[in-house]
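**Q** I have a structure here, written as structure tokens, and I will follow up with some questions on it.
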Amino acid sequence: FDALAAFDPEISGVLLSELDRLRSGLQLIASENMSSPAVLTALGSTLSNKYAEGYPGRRYYGGCSEVDKAENLAIERCKSLFDAEHANVQAHSGASANQAVYGAFLKPGETILGMSLPMGGHLTHGTKVSFSGKWFNSVGYGVEKESENIDYAEVEALAKEHRPKVILAGGSAIPRLIDFEFFRNLADEIGAIFWVDAAHFIGLVAGKAIPSPVPYADVVTFTTHKVLRGPRSGALVCKAEHAAKLDKAVFPMMQGGPQMHTIAAKAVNFKECATPEYAAYARQVIENAQQLATSLGEKEIRPTTGGTDTHLSLHDLQGVQVTGAQAEERADAAGIVLNKNAIPFDPQKPNVASGIRVGSPSVTTQGMGTPEMVQIADLIHRAITQTDGDPDHPVAKDVRAEVTDLVGRFPAYPRPA
Ligand code: PLP
């Protein structure tokens, strides 16, 4: 770091002020976490220099002996963690892992059935602005009005009507467990591939805190930086019968040289996830998310679906007459980082939204437990109902002071004693 600071004070200043930002606020973005120093060390290593197109033992470049070891470790650890027949750890991100599934199983114009974005899906699941919606025929399912849970009857009806080649489960704002067996049976009935995008919840699967989609799905894609707590990247696991097809789709169809430093960091992360400490973390993430959802609900900030089984909850702000955009801005001004989010059947435009999404991965990494979630719910409530987005508002100042005290007791990246 000293060399960087001497050469480039502007960028080293950004690194320091970002660390400061992480340490001084409450990080409640459900898709974020705080990777360990071990993961960050692998990320910042000389493995970043190496070109290694191909796969271990079958590269298009010389000098790959050491990076081959790293990738083989990542593959073996990933397979063992998820009890999977095959793993590909080269995807640069969740979106690139998803591209590989399209590349492996669909030709342009063919049909995929996935959850629509406003109902909780992801951009890469067929949204018109993404390659997935531009190049493929995407059909979207939603949630039931009453339960706000996946509308399985609609999924079945759409599958039988459109006969998609691929059926997709998973998304970015689904607080509840998914019935993988239902999707598997339906896919078998119509002869479709069953794909799970587990980006959000794979960390809970790794920690054995929720059921795994791996025994059911043909392929499971995921990001490695959410609950899982690894580097910013992606990966996939699949049945052995699809291994060659998916490997070819990742490279050379969709990507060039793999990022070997990130692959090494994924190997470190998979090792971390196999420990009892990580399993305890995953269980605590869920307990914390449930407490946060309940405590916000008690303050008229209603959790959709009535709560959560996972690391995130989605809240309807119409009861407190605040929009998602206002809530995000007001919370931010009070030192609380969360995001606005559309709720099912949202009357507002997506950039305004009627809801917020909150997640417990980061604060749980910091060591907080359920008593702190009760306090955080109170801080969120005060910030979004009693302030106006001005950091100098007296209530914003009070909330910020309490946030400072709380994060001071559970520091992010604690300084060595
Ligand atoms: N899939 C899901 C369900 C996601 O939530 C996300 C990101 O939030 C992605 C894919 C894309 O991941 P990335 O941002 O790494 O491309």
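Please note that chains go A, B, ... in the order of the structure tokens, that every chain numbers its residues from 1, and that ligands are numbered from 1 in the order shown.
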Could you tell me, counting only C-alpha atoms and all ligand atoms, which protein and nucleic acid residues lie no more than 12 Å from ligand 1, written as an mmCIF file with C-alpha atoms, in the first residue's frame?
**A**
```
data_model
loop_
_atom_site.group_PDB
_atom_site.id
_atom_site.type_symbol
_atom_site.label_atom_id
_atom_site.label_comp_id
_atom_site.auth_asym_id
_atom_site.auth_seq_id
_atom_site.Cartn_x
_atom_site.Cartn_y
_atom_site.Cartn_z
ATOM 1 C CA ILE A 29 -27.387 -3.995 0.650
ATOM 2 C CA ALA A 30 -28.534 -7.622 0.392
ATOM 3 C CA SER A 31 -26.118 -8.466 -2.441
ATOM 4 C CA GLU A 32 -22.999 -7.165 -0.694
ATOM 5 C CA ALA A 91 -17.073 -16.953 -15.101
ATOM 6 C CA HIS A 92 -16.061 -13.329 -14.536
ATOM 7 C CA SER A 93 -19.389 -12.497 -12.891
ATOM 8 C CA GLY A 94 -22.906 -13.727 -12.265
ATOM 9 C CA ALA A 95 -24.030 -12.271 -15.587
ATOM 10 C CA SER A 96 -21.258 -14.092 -17.472
ATOM 11 C CA ALA A 97 -22.116 -17.406 -15.795
ATOM 12 C CA ASN A 98 -25.699 -16.815 -16.923
ATOM 13 C CA GLN A 99 -24.588 -16.021 -20.476
ATOM 14 C CA VAL A 101 -26.168 -21.144 -19.821
ATOM 15 C CA GLY A 114 -37.951 -17.218 -15.820
ATOM 16 C CA MET A 115 -39.181 -14.874 -13.121
ATOM 17 C CA SER A 116 -39.835 -11.386 -14.469
ATOM 18 C CA LEU A 117 -37.656 -8.556 -13.150
ATOM 19 C CA GLY A 120 -38.047 -10.421 -8.218
ATOM 20 C CA GLY A 121 -36.067 -11.865 -11.158
ATOM 21 C CA HIS A 122 -32.783 -10.513 -12.561
ATOM 22 C CA LEU A 123 -31.919 -8.470 -15.670
ATOM 23 C CA THR A 124 -30.236 -11.506 -17.246
ATOM 24 C CA HIS A 125 -33.413 -13.586 -16.908
ATOM 25 C CA GLY A 126 -34.993 -12.157 -20.033
ATOM 26 C CA SER A 130 -30.431 -7.232 -21.558
ATOM 27 C CA SER A 132 -31.279 -12.239 -22.613
ATOM 28 C CA LEU A 168 -35.211 -20.821 -14.644
ATOM 29 C CA ALA A 169 -35.714 -20.385 -10.902
ATOM 30 C CA GLY A 170 -34.012 -17.769 -8.740
ATOM 31 C CA GLY A 171 -33.797 -13.990 -8.651
ATOM 32 C CA SER A 172 -32.637 -10.888 -6.856
ATOM 33 C CA ALA A 173 -35.510 -10.104 -4.529
ATOM 34 C CA ILE A 174 -37.009 -13.430 -3.447
ATOM 35 C CA TRP A 195 -31.540 -23.928 -14.397
ATOM 36 C CA VAL A 196 -31.242 -22.272 -10.960
ATOM 37 C CA ASP A 197 -29.639 -18.839 -10.641
ATOM 38 C CA ALA A 198 -28.626 -19.107 -6.995
ATOM 39 C CA ALA A 199 -26.542 -15.902 -6.936
ATOM 40 C CA HIS A 200 -28.359 -14.533 -3.928
ATOM 41 C CA PHE A 201 -28.717 -17.547 -1.700
ATOM 42 C CA ILE A 202 -25.812 -19.869 -2.628
ATOM 43 C CA VAL A 220 -26.761 -23.840 -10.964
ATOM 44 C CA THR A 221 -25.088 -20.477 -11.609
ATOM 45 C CA PHE A 222 -24.076 -18.073 -8.884
ATOM 46 C CA THR A 223 -22.069 -15.023 -7.910
ATOM 47 C CA THR A 224 -19.310 -15.502 -5.365
ATOM 48 C CA HIS A 225 -19.519 -12.129 -3.628
ATOM 49 C CA LYS A 226 -22.924 -12.056 -1.950
ATOM 50 C CA VAL A 227 -23.694 -14.151 1.163
ATOM 51 C CA GLY A 230 -15.821 -14.373 -1.778
ATOM 52 C CA PRO A 231 -14.352 -12.160 -4.506
ATOM 53 C CA ARG A 232 -16.582 -10.264 -6.974
ATOM 54 C CA SER A 233 -17.086 -13.015 -9.549
ATOM 55 C CA GLY A 234 -19.219 -15.952 -10.715
ATOM 56 C CA ALA A 235 -19.186 -19.722 -11.096
ATOM 57 C CA LEU A 236 -21.435 -22.625 -12.013
ATOM 58 C CA LEU A 312 -32.997 -10.545 2.639
#
```
**Q** Mind checking which residues fall within 8 Å of Glu85 in chain A, counting only C-alpha atoms, ignoring those fewer than 3 positions away in the same chain, and posting them as an MDAnalysis selection string?
**A** chainID A and resid 79 237:240
**Q** Which of range 159-393 of chain A counts as helix (DSSP H, G or I) under DSSP, as a PyMOL selection string please?
**A** chain A and resi 159-162+180-190+202-206+240-254+260-273+276-297+304-306+318-320+324-333+361-365+370-386
**Q** Could you name the residues that touch Asp405 in chain A at 12 Å or less, counting only C-alpha atoms, but leaving out those on the same chain fewer than 5 positions away, as a ChimeraX atom specification?
**A** /A:23-26,335,372,375-376,398-400,410-411
**Q** Hey, can you spit out that residue selection with N, CA and C atoms as a PDB file, in the first residue's frame?
**A**
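Now in out39.pdb:
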```pdb
ATOM      1  N   ARG A  23     -16.621   1.397   7.208  1.00  0.00           N
ATOM      2  CA  ARG A  23     -16.526   1.324   8.672  1.00  0.00           C
ATOM      3  C   ARG A  23     -17.495   2.263   9.373  1.00  0.00           C
ATOM      4  N   SER A  24     -17.907   3.317   8.680  1.00  0.00           N
ATOM      5  CA  SER A  24     -18.672   4.328   9.423  1.00  0.00           C
ATOM      6  C   SER A  24     -20.182   4.231   9.219  1.00  0.00           C
ATOM      7  N   GLY A  25     -20.633   3.374   8.279  1.00  0.00           N
ATOM      8  CA  GLY A  25     -22.078   3.279   8.070  1.00  0.00           C
ATOM      9  C   GLY A  25     -22.580   1.865   8.299  1.00  0.00           C
ATOM     10  N   LEU A  26     -23.915   1.733   8.182  1.00  0.00           N
ATOM     11  CA  LEU A  26     -24.527   0.396   8.276  1.00  0.00           C
ATOM     12  C   LEU A  26     -24.765  -0.102   6.863  1.00  0.00           C
ATOM     13  N   GLY A 335     -26.575   7.604   7.400  1.00  0.00           N
ATOM     14  CA  GLY A 335     -25.503   6.613   7.598  1.00  0.00           C
ATOM     15  C   GLY A 335     -25.940   5.170   7.401  1.00  0.00           C
ATOM     16  N   GLU A 372     -29.066  -6.322  17.836  1.00  0.00           N
ATOM     17  CA  GLU A 372     -28.668  -5.192  16.979  1.00  0.00           C
ATOM     18  C   GLU A 372     -29.674  -5.011  15.831  1.00  0.00           C
ATOM     19  N   GLN A 375     -32.445  -2.854  16.970  1.00  0.00           N
ATOM     20  CA  GLN A 375     -31.992  -1.451  16.979  1.00  0.00           C
ATOM     21  C   GLN A 375     -31.931  -0.890  15.551  1.00  0.00           C
ATOM     22  N   ILE A 376     -31.424  -1.690  14.615  1.00  0.00           N
ATOM     23  CA  ILE A 376     -31.301  -1.212  13.226  1.00  0.00           C
ATOM     24  C   ILE A 376     -32.684  -0.908  12.638  1.00  0.00           C
ATOM     25  N   ASP A 398     -29.051  12.573  14.816  1.00  0.00           N
ATOM     26  CA  ASP A 398     -29.208  11.645  15.954  1.00  0.00           C
ATOM     27  C   ASP A 398     -29.007  10.205  15.499  1.00  0.00           C
ATOM     28  N   VAL A 399     -29.662   9.848  14.372  1.00  0.00           N
ATOM     29  CA  VAL A 399     -29.555   8.464  13.879  1.00  0.00           C
ATOM     30  C   VAL A 399     -28.099   8.171  13.535  1.00  0.00           C
ATOM     31  N   ARG A 400     -27.449   9.131  12.870  1.00  0.00           N
ATOM     32  CA  ARG A 400     -26.045   8.905  12.479  1.00  0.00           C
ATOM     33  C   ARG A 400     -25.158   8.687  13.706  1.00  0.00           C
ATOM     34  N   PHE A 410     -18.986  -2.966  16.506  1.00  0.00           N
ATOM     35  CA  PHE A 410     -18.835  -4.118  15.602  1.00  0.00           C
ATOM     36  C   PHE A 410     -18.080  -3.663  14.351  1.00  0.00           C
ATOM     37  N   PRO A 411     -16.813  -3.326  14.482  1.00  0.00           N
ATOM     38  CA  PRO A 411     -16.134  -2.679  13.355  1.00  0.00           C
ATOM     39  C   PRO A 411     -15.972  -3.588  12.138  1.00  0.00           C
TER      40      PRO A 411
END
```
**Q** Between CA of Gln259 in chain A and CA of Ala282 in chain A, measure the distance and give it in Å to one decimal.
**A**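 CA of Gln259 in chain A sits 27.3 Å away from CA of Ala282 in chain A.
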